[in-house]
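Q: So I've got this file, upload_33.pdb, and it contains PDB, C-alpha atoms:
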```pdb
ATOM      1  CA  MET A   1     132.541 131.174 -92.105  1.00  0.00           C
ATOM      2  CA  ILE A   2     129.646 131.602 -89.659  1.00  0.00           C
ATOM      3  CA  TYR A   3     131.827 130.182 -86.885  1.00  0.00           C
ATOM      4  CA  LEU A   4     134.550 132.767 -87.517  1.00  0.00           C
ATOM      5  CA  ILE A   5     131.972 135.559 -87.434  1.00  0.00           C
ATOM      6  CA  LEU A   6     130.474 134.182 -84.204  1.00  0.00           C
ATOM      7  CA  ALA A   7     133.944 133.866 -82.674  1.00  0.00           C
ATOM      8  CA  TYR A   8     134.899 137.411 -83.688  1.00  0.00           C
ATOM      9  CA  GLU A   9     131.662 139.055 -82.524  1.00  0.00           C
ATOM     10  CA  PHE A  10     131.452 137.256 -79.194  1.00  0.00           C
ATOM     11  CA  PHE A  11     135.164 137.607 -78.464  1.00  0.00           C
ATOM     12  CA  LYS A  12     134.720 141.351 -79.014  1.00  0.00           C
ATOM     13  CA  ILE A  13     131.663 141.386 -76.720  1.00  0.00           C
ATOM     14  CA  GLY A  14     133.558 139.455 -74.042  1.00  0.00           C
ATOM     15  CA  LEU A  15     136.492 141.824 -74.323  1.00  0.00           C
ATOM     16  CA  PHE A  16     134.516 145.054 -73.959  1.00  0.00           C
ATOM     17  CA  SER A  17     131.544 144.114 -71.758  1.00  0.00           C
ATOM     18  CA  ILE A  18     133.319 144.572 -68.457  1.00  0.00           C
ATOM     19  CA  GLY A  19     130.829 144.284 -65.622  1.00  0.00           C
ATOM     20  CA  GLY A  20     128.942 141.118 -66.370  1.00  0.00           C
ATOM     21  CA  GLY A  21     126.048 139.835 -68.393  1.00  0.00           C
ATOM     22  CA  MET A  22     123.864 142.914 -68.453  1.00  0.00           C
ATOM     23  CA  ALA A  23     126.781 144.907 -69.865  1.00  0.00           C
ATOM     24  CA  THR A  24     126.608 142.630 -72.943  1.00  0.00           C
ATOM     25  CA  LEU A  25     123.145 143.930 -73.844  1.00  0.00           C
ATOM     26  CA  PRO A  26     124.192 147.015 -75.826  1.00  0.00           C
ATOM     27  CA  PHE A  27     126.526 144.829 -77.867  1.00  0.00           C
ATOM     28  CA  LEU A  28     123.811 142.232 -78.433  1.00  0.00           C
ATOM     29  CA  MET A  29     121.410 145.001 -79.484  1.00  0.00           C
ATOM     30  CA  ASP A  30     124.015 146.004 -82.055  1.00  0.00           C
ATOM     31  CA  LEU A  31     124.121 142.422 -83.374  1.00  0.00           C
ATOM     32  CA  THR A  32     120.378 142.504 -84.114  1.00  0.00           C
ATOM     33  CA  GLY A  33     121.076 145.147 -86.765  1.00  0.00           C
ATOM     34  CA  LYS A  34     124.082 143.336 -88.271  1.00  0.00           C
ATOM     35  CA  TYR A  35     122.917 139.735 -88.467  1.00  0.00           C
ATOM     36  CA  ASP A  36     119.686 137.753 -88.535  1.00  0.00           C
ATOM     37  CA  TRP A  37     120.666 135.584 -85.590  1.00  0.00           C
ATOM     38  CA  PHE A  38     117.870 137.028 -83.408  1.00  0.00           C
ATOM     39  CA  THR A  39     115.471 139.965 -83.367  1.00  0.00           C
ATOM     40  CA  VAL A  40     115.085 142.726 -80.782  1.00  0.00           C
ATOM     41  CA  SER A  41     111.965 141.050 -79.393  1.00  0.00           C
ATOM     42  CA  GLU A  42     113.847 137.741 -79.174  1.00  0.00           C
ATOM     43  CA  LEU A  43     116.549 139.638 -77.277  1.00  0.00           C
ATOM     44  CA  THR A  44     114.038 140.582 -74.590  1.00  0.00           C
ATOM     45  CA  ASN A  45     113.034 136.927 -74.351  1.00  0.00           C
ATOM     46  CA  MET A  46     116.724 136.001 -74.158  1.00  0.00           C
ATOM     47  CA  VAL A  47     117.154 138.342 -71.208  1.00  0.00           C
ATOM     48  CA  ALA A  48     114.113 136.912 -69.426  1.00  0.00           C
ATOM     49  CA  ILE A  49     115.201 133.319 -70.000  1.00  0.00           C
ATOM     50  CA  SER A  50     118.843 134.042 -69.158  1.00  0.00           C
ATOM     51  CA  GLU A  51     117.822 135.742 -65.916  1.00  0.00           C
ATOM     52  CA  SER A  52     115.694 132.781 -64.889  1.00  0.00           C
ATOM     53  CA  THR A  53     118.120 129.978 -65.785  1.00  0.00           C
ATOM     54  CA  PRO A  54     121.229 128.976 -63.862  1.00  0.00           C
ATOM     55  CA  GLY A  55     124.477 130.508 -64.967  1.00  0.00           C
ATOM     56  CA  PRO A  56     125.770 133.927 -65.937  1.00  0.00           C
ATOM     57  CA  VAL A  57     123.376 136.001 -68.028  1.00  0.00           C
ATOM     58  CA  GLY A  58     125.913 136.939 -70.702  1.00  0.00           C
ATOM     59  CA  ILE A  59     126.979 133.338 -71.237  1.00  0.00           C
ATOM     60  CA  ASN A  60     123.380 132.140 -71.433  1.00  0.00           C
ATOM     61  CA  MET A  61     122.599 134.819 -74.028  1.00  0.00           C
ATOM     62  CA  ALA A  62     125.736 134.017 -76.047  1.00  0.00           C
ATOM     63  CA  THR A  63     124.793 130.346 -76.040  1.00  0.00           C
ATOM     64  CA  TYR A  64     121.263 131.164 -77.227  1.00  0.00           C
ATOM     65  CA  ALA A  65     122.462 133.532 -79.962  1.00  0.00           C
ATOM     66  CA  GLY A  66     125.109 131.072 -81.138  1.00  0.00           C
ATOM     67  CA  TYR A  67     122.529 128.286 -81.237  1.00  0.00           C
ATOM     68  CA  ASN A  68     120.178 130.463 -83.296  1.00  0.00           C
ATOM     69  CA  ALA A  69     122.985 131.296 -85.714  1.00  0.00           C
ATOM     70  CA  ALA A  70     124.551 127.855 -86.208  1.00  0.00           C
ATOM     71  CA  GLY A  71     123.034 125.199 -83.952  1.00  0.00           C
ATOM     72  CA  VAL A  72     124.952 123.429 -81.194  1.00  0.00           C
ATOM     73  CA  PRO A  73     128.417 124.113 -82.690  1.00  0.00           C
ATOM     74  CA  GLY A  74     127.496 127.811 -82.949  1.00  0.00           C
ATOM     75  CA  ALA A  75     126.407 127.826 -79.307  1.00  0.00           C
ATOM     76  CA  VAL A  76     129.748 126.317 -78.267  1.00  0.00           C
ATOM     77  CA  VAL A  77     131.760 128.782 -80.388  1.00  0.00           C
ATOM     78  CA  ALA A  78     129.797 131.824 -79.108  1.00  0.00           C
ATOM     79  CA  THR A  79     130.079 130.737 -75.470  1.00  0.00           C
ATOM     80  CA  ILE A  80     133.801 129.974 -75.623  1.00  0.00           C
ATOM     81  CA  SER A  81     134.475 133.186 -77.562  1.00  0.00           C
ATOM     82  CA  LEU A  82     132.579 135.287 -75.008  1.00  0.00           C
ATOM     83  CA  THR A  83     134.573 133.855 -72.107  1.00  0.00           C
ATOM     84  CA  ALA A  84     137.973 133.697 -73.847  1.00  0.00           C
ATOM     85  CA  PRO A  85     138.943 137.356 -73.187  1.00  0.00           C
ATOM     86  CA  ALA A  86     138.259 136.944 -69.474  1.00  0.00           C
ATOM     87  CA  TRP A  87     140.385 133.804 -69.336  1.00  0.00           C
ATOM     88  CA  ILE A  88     143.223 135.482 -71.228  1.00  0.00           C
ATOM     89  CA  ILE A  89     143.125 138.598 -69.046  1.00  0.00           C
ATOM     90  CA  ILE A  90     142.918 136.583 -65.822  1.00  0.00           C
ATOM     91  CA  ILE A  91     145.911 134.473 -66.832  1.00  0.00           C
ATOM     92  CA  MET A  92     147.895 137.608 -67.733  1.00  0.00           C
ATOM     93  CA  ILE A  93     146.972 139.350 -64.476  1.00  0.00           C
ATOM     94  CA  ALA A  94     147.731 136.255 -62.398  1.00  0.00           C
ATOM     95  CA  LYS A  95     151.160 136.084 -63.989  1.00  0.00           C
ATOM     96  CA  PHE A  96     151.933 139.677 -63.022  1.00  0.00           C
ATOM     97  CA  LEU A  97     149.636 140.002 -59.998  1.00  0.00           C
ATOM     98  CA  GLU A  98     152.145 141.508 -57.625  1.00  0.00           C
ATOM     99  CA  ASN A  99     153.027 144.252 -60.091  1.00  0.00           C
ATOM    100  CA  PHE A 100     149.347 145.025 -60.819  1.00  0.00           C
ATOM    101  CA  SER A 101     147.888 144.940 -57.334  1.00  0.00           C
ATOM    102  CA  GLU A 102     149.536 148.111 -56.048  1.00  0.00           C
ATOM    103  CA  ASN A 103     150.035 149.950 -59.332  1.00  0.00           C
ATOM    104  CA  MET A 104     148.338 153.354 -59.085  1.00  0.00           C
ATOM    105  CA  ASN A 105     147.648 153.435 -62.840  1.00  0.00           C
ATOM    106  CA  VAL A 106     145.794 150.113 -62.666  1.00  0.00           C
ATOM    107  CA  LYS A 107     143.805 151.288 -59.640  1.00  0.00           C
ATOM    108  CA  ALA A 108     142.938 154.521 -61.452  1.00  0.00           C
ATOM    109  CA  ALA A 109     141.919 152.612 -64.600  1.00  0.00           C
ATOM    110  CA  PHE A 110     139.546 150.366 -62.660  1.00  0.00           C
ATOM    111  CA  TYR A 111     138.181 153.394 -60.821  1.00  0.00           C
ATOM    112  CA  GLY A 112     137.482 155.004 -64.207  1.00  0.00           C
ATOM    113  CA  ILE A 113     135.928 151.848 -65.669  1.00  0.00           C
ATOM    114  CA  ARG A 114     133.223 151.709 -62.959  1.00  0.00           C
ATOM    115  CA  PRO A 115     131.154 154.612 -64.360  1.00  0.00           C
ATOM    116  CA  ALA A 116     131.443 153.173 -67.875  1.00  0.00           C
ATOM    117  CA  VAL A 117     130.099 149.826 -66.663  1.00  0.00           C
ATOM    118  CA  ALA A 118     127.264 151.590 -64.831  1.00  0.00           C
ATOM    119  CA  ALA A 119     126.467 153.509 -68.022  1.00  0.00           C
ATOM    120  CA  LEU A 120     126.416 150.314 -70.112  1.00  0.00           C
ATOM    121  CA  ILE A 121     124.056 148.643 -67.660  1.00  0.00           C
ATOM    122  CA  GLY A 122     121.884 151.781 -67.439  1.00  0.00           C
ATOM    123  CA  TYR A 123     121.679 151.914 -71.229  1.00  0.00           C
ATOM    124  CA  ALA A 124     120.673 148.244 -71.357  1.00  0.00           C
ATOM    125  CA  VAL A 125     117.943 148.818 -68.763  1.00  0.00           C
ATOM    126  CA  TRP A 126     116.661 151.824 -70.702  1.00  0.00           C
ATOM    127  CA  GLU A 127     116.551 149.881 -73.984  1.00  0.00           C
ATOM    128  CA  LEU A 128     114.735 146.955 -72.347  1.00  0.00           C
ATOM    129  CA  LEU A 129     112.214 149.316 -70.746  1.00  0.00           C
ATOM    130  CA  LYS A 130     111.549 150.916 -74.125  1.00  0.00           C
ATOM    131  CA  ILE A 131     111.020 147.512 -75.730  1.00  0.00           C
ATOM    132  CA  ALA A 132     108.821 146.206 -72.919  1.00  0.00           C
ATOM    133  CA  LEU A 133     106.785 149.320 -72.126  1.00  0.00           C
ATOM    134  CA  ILE A 134     106.557 151.291 -75.373  1.00  0.00           C
ATOM    135  CA  SER A 135     105.290 150.015 -78.704  1.00  0.00           C
ATOM    136  CA  ALA A 136     105.004 151.605 -82.122  1.00  0.00           C
ATOM    137  CA  VAL A 137     101.503 151.333 -83.585  1.00  0.00           C
ATOM    138  CA  GLU A 138     100.924 152.843 -87.033  1.00  0.00           C
ATOM    139  CA  GLY A 139     103.969 155.076 -86.646  1.00  0.00           C
ATOM    140  CA  LYS A 140     102.919 156.376 -83.208  1.00  0.00           C
ATOM    141  CA  LEU A 141     104.574 155.503 -79.930  1.00  0.00           C
ATOM    142  CA  GLU A 142     102.168 154.114 -77.364  1.00  0.00           C
ATOM    143  CA  ILE A 143     102.745 153.043 -73.792  1.00  0.00           C
ATOM    144  CA  ASN A 144     101.844 149.406 -73.190  1.00  0.00           C
ATOM    145  CA  LEU A 145      99.588 149.903 -70.170  1.00  0.00           C
ATOM    146  CA  ILE A 146      99.446 146.237 -69.169  1.00  0.00           C
ATOM    147  CA  ASN A 147     103.240 145.815 -69.158  1.00  0.00           C
ATOM    148  CA  THR A 148     103.658 149.137 -67.350  1.00  0.00           C
ATOM    149  CA  ALA A 149     101.105 148.129 -64.709  1.00  0.00           C
ATOM    150  CA  VAL A 150     102.793 144.742 -64.190  1.00  0.00           C
ATOM    151  CA  CYS A 151     106.168 146.494 -63.895  1.00  0.00           C
ATOM    152  CA  ILE A 152     104.892 149.005 -61.318  1.00  0.00           C
ATOM    153  CA  ILE A 153     103.032 146.341 -59.313  1.00  0.00           C
ATOM    154  CA  THR A 154     106.070 144.038 -59.269  1.00  0.00           C
ATOM    155  CA  PHE A 155     108.388 146.866 -58.231  1.00  0.00           C
ATOM    156  CA  THR A 156     105.945 147.880 -55.461  1.00  0.00           C
ATOM    157  CA  LEU A 157     105.645 144.300 -54.208  1.00  0.00           C
ATOM    158  CA  LEU A 158     109.419 143.953 -54.097  1.00  0.00           C
ATOM    159  CA  GLN A 159     109.586 146.970 -51.794  1.00  0.00           C
ATOM    160  CA  ILE A 160     107.593 145.092 -49.138  1.00  0.00           C
ATOM    161  CA  LYS A 161     110.289 143.611 -46.920  1.00  0.00           C
ATOM    162  CA  LYS A 162     108.638 140.218 -46.430  1.00  0.00           C
ATOM    163  CA  LEU A 163     107.894 139.748 -50.144  1.00  0.00           C
ATOM    164  CA  GLY A 164     111.333 141.009 -51.173  1.00  0.00           C
ATOM    165  CA  LYS A 165     112.905 138.099 -49.286  1.00  0.00           C
ATOM    166  CA  LEU A 166     110.977 135.440 -51.207  1.00  0.00           C
ATOM    167  CA  HIS A 167     113.093 132.977 -53.141  1.00  0.00           C
ATOM    168  CA  PRO A 168     113.688 134.083 -56.761  1.00  0.00           C
ATOM    169  CA  LEU A 169     111.959 130.925 -58.024  1.00  0.00           C
ATOM    170  CA  VAL A 170     108.718 132.219 -56.495  1.00  0.00           C
ATOM    171  CA  TRP A 171     109.054 135.440 -58.513  1.00  0.00           C
ATOM    172  CA  ILE A 172     109.952 133.513 -61.674  1.00  0.00           C
ATOM    173  CA  ALA A 173     106.930 131.234 -61.251  1.00  0.00           C
ATOM    174  CA  ALA A 174     104.672 134.224 -60.543  1.00  0.00           C
ATOM    175  CA  GLY A 175     106.021 136.005 -63.631  1.00  0.00           C
ATOM    176  CA  ALA A 176     105.406 132.910 -65.762  1.00  0.00           C
ATOM    177  CA  CYS A 177     101.822 132.649 -64.471  1.00  0.00           C
ATOM    178  CA  VAL A 178     101.138 136.335 -65.135  1.00  0.00           C
ATOM    179  CA  GLY A 179     102.630 136.009 -68.631  1.00  0.00           C
ATOM    180  CA  ILE A 180     100.484 132.961 -69.416  1.00  0.00           C
ATOM    181  CA  VAL A 181      97.326 134.678 -68.144  1.00  0.00           C
ATOM    182  CA  LEU A 182      98.032 137.895 -70.060  1.00  0.00           C
ATOM    183  CA  LYS A 183      98.755 136.049 -73.326  1.00  0.00           C
ATOM    184  CA  MET A 184      95.407 134.222 -73.228  1.00  0.00           C
TER     185      MET A 184
END
```
Please, can you express the file's structure as structure tokens?
A:
Amino acid sequence: MIYLILAYEFFKIGLFSIGGGMATLPFLMDLTGKYDWFTVSELTNMVAISESTPGPVGINMATYAGYNAAGVPGAVVATISLTAPAWIIIIMIAKFLENFSENMNVKAAFYGIRPAVAALIGYAVWELLKIALISAVEGKLEINLINTAVCIITFTLLQIKKLGKLHPLVWIAAGACVGIVLKM
């Protein structure tokens, strides 16, 4: 039964998260309330790990969530289910490509989808910022000063042209070092 639920949920996410991996975040946030596959704090770790490992972010997160829910078979089901809508749509579009490519309704639909994708990604960024920078202590919301400082410093460093061109592995390694130091 768990495999059917995984297939349904991740097929639905794959179908409606047009725009890539970060667009899956609102849907994954919704899953934290429905199932005990992962928590909101684990979701932030999923994002960090998915961003730093090879492969598309959404697929990496689906694999992680599926593994948490039902081991290796769950990871396979979640990953295939997430990608299945894209495969189906691509095959359908390829079959009728000439009809779709110049159709004004299709062009208008994709033009209209762009703001929705931007909104989904913006929402995901906002939710991650809230999780990373704001914490609830004894019913009060408090800004996590250390995380906020690290965020501001990193953003500032990325604005320096020479540092902004560093290989992403340098930034990942630096982030890991800062995380290890701050957790001690």
Q: Just so the selection is clear, what residues does the PyMOL selection byres ((chain A and resi 51) around 12) cover here, as a count of residues only?
A: 23
Q: Produce the centre coordinates and the three edge lengths, each in Å to one decimal, of the box along x, y and z that contains all listed atoms of stretch 8-22 of chain A with 5 Å added on each side, as JSON.
A:
```
{"center_x": 130.2, "center_y": 141.2, "center_z": -74.7, "size_x": 22.6, "size_y": 17.8, "size_z": 28.1}
```
Q: Can you list, as a ChimeraX atom specification, every protein, DNA or RNA residue that comes within 10 Å of A:Gly122 when you count all atoms listed in the file, leaving out same-chain residues fewer than 4 positions away?
A: /A:22-23,26,116-118,126-128
Q: For stretch 65-73 of chain A, list every protein, DNA or RNA residue within 8 Å, evaluated using only C-alpha atoms, and leave out those in the same chain fewer than 2 positions away; present the list as a VMD selection string.
A: chain A and resid 2 to 3 6 36 to 38 61 to 63 75 to 79
Q: I'd like the interatomic distance between atom CA of A:Thr156 and atom CA of A:Lys183, to a tenth of an Å.
A: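 Here the two named atoms are 22.6 Å from each other.
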Q: Check the smallest atom-to-atom distance from each of A:Ile153, A:Ala174, A:Val125, A:Gly14 to A:Trp87 using only C-alpha atoms, then report the winner.
A: A:Gly14
Q: Env of A:Phe16: 12 Å cut, atoms = only C-alpha atoms, seq-sep filter 2 positions within chain, self excluded. Answer as a PyMOL selection string.
A: chain A and resi 9-14+18-21+23-28+82-86+89+113+116-117+120
Q: Measuring atom to atom with only C-alpha atoms, identify which of A:Asn105, A:Ser17, A:Pro115, A:Ile131 is nearest to A:Thr39.
A: A:Ile131
Q: Using atom CA of A:Val178 and atom CA of A:Ser135 as the two end points, give the distance in Å to one decimal.
A: 19.7 Å
Q: So what do you get for atom CA of A:Ile146 versus atom CA of A:Leu182, distance-wise?
A: 8.5 Å
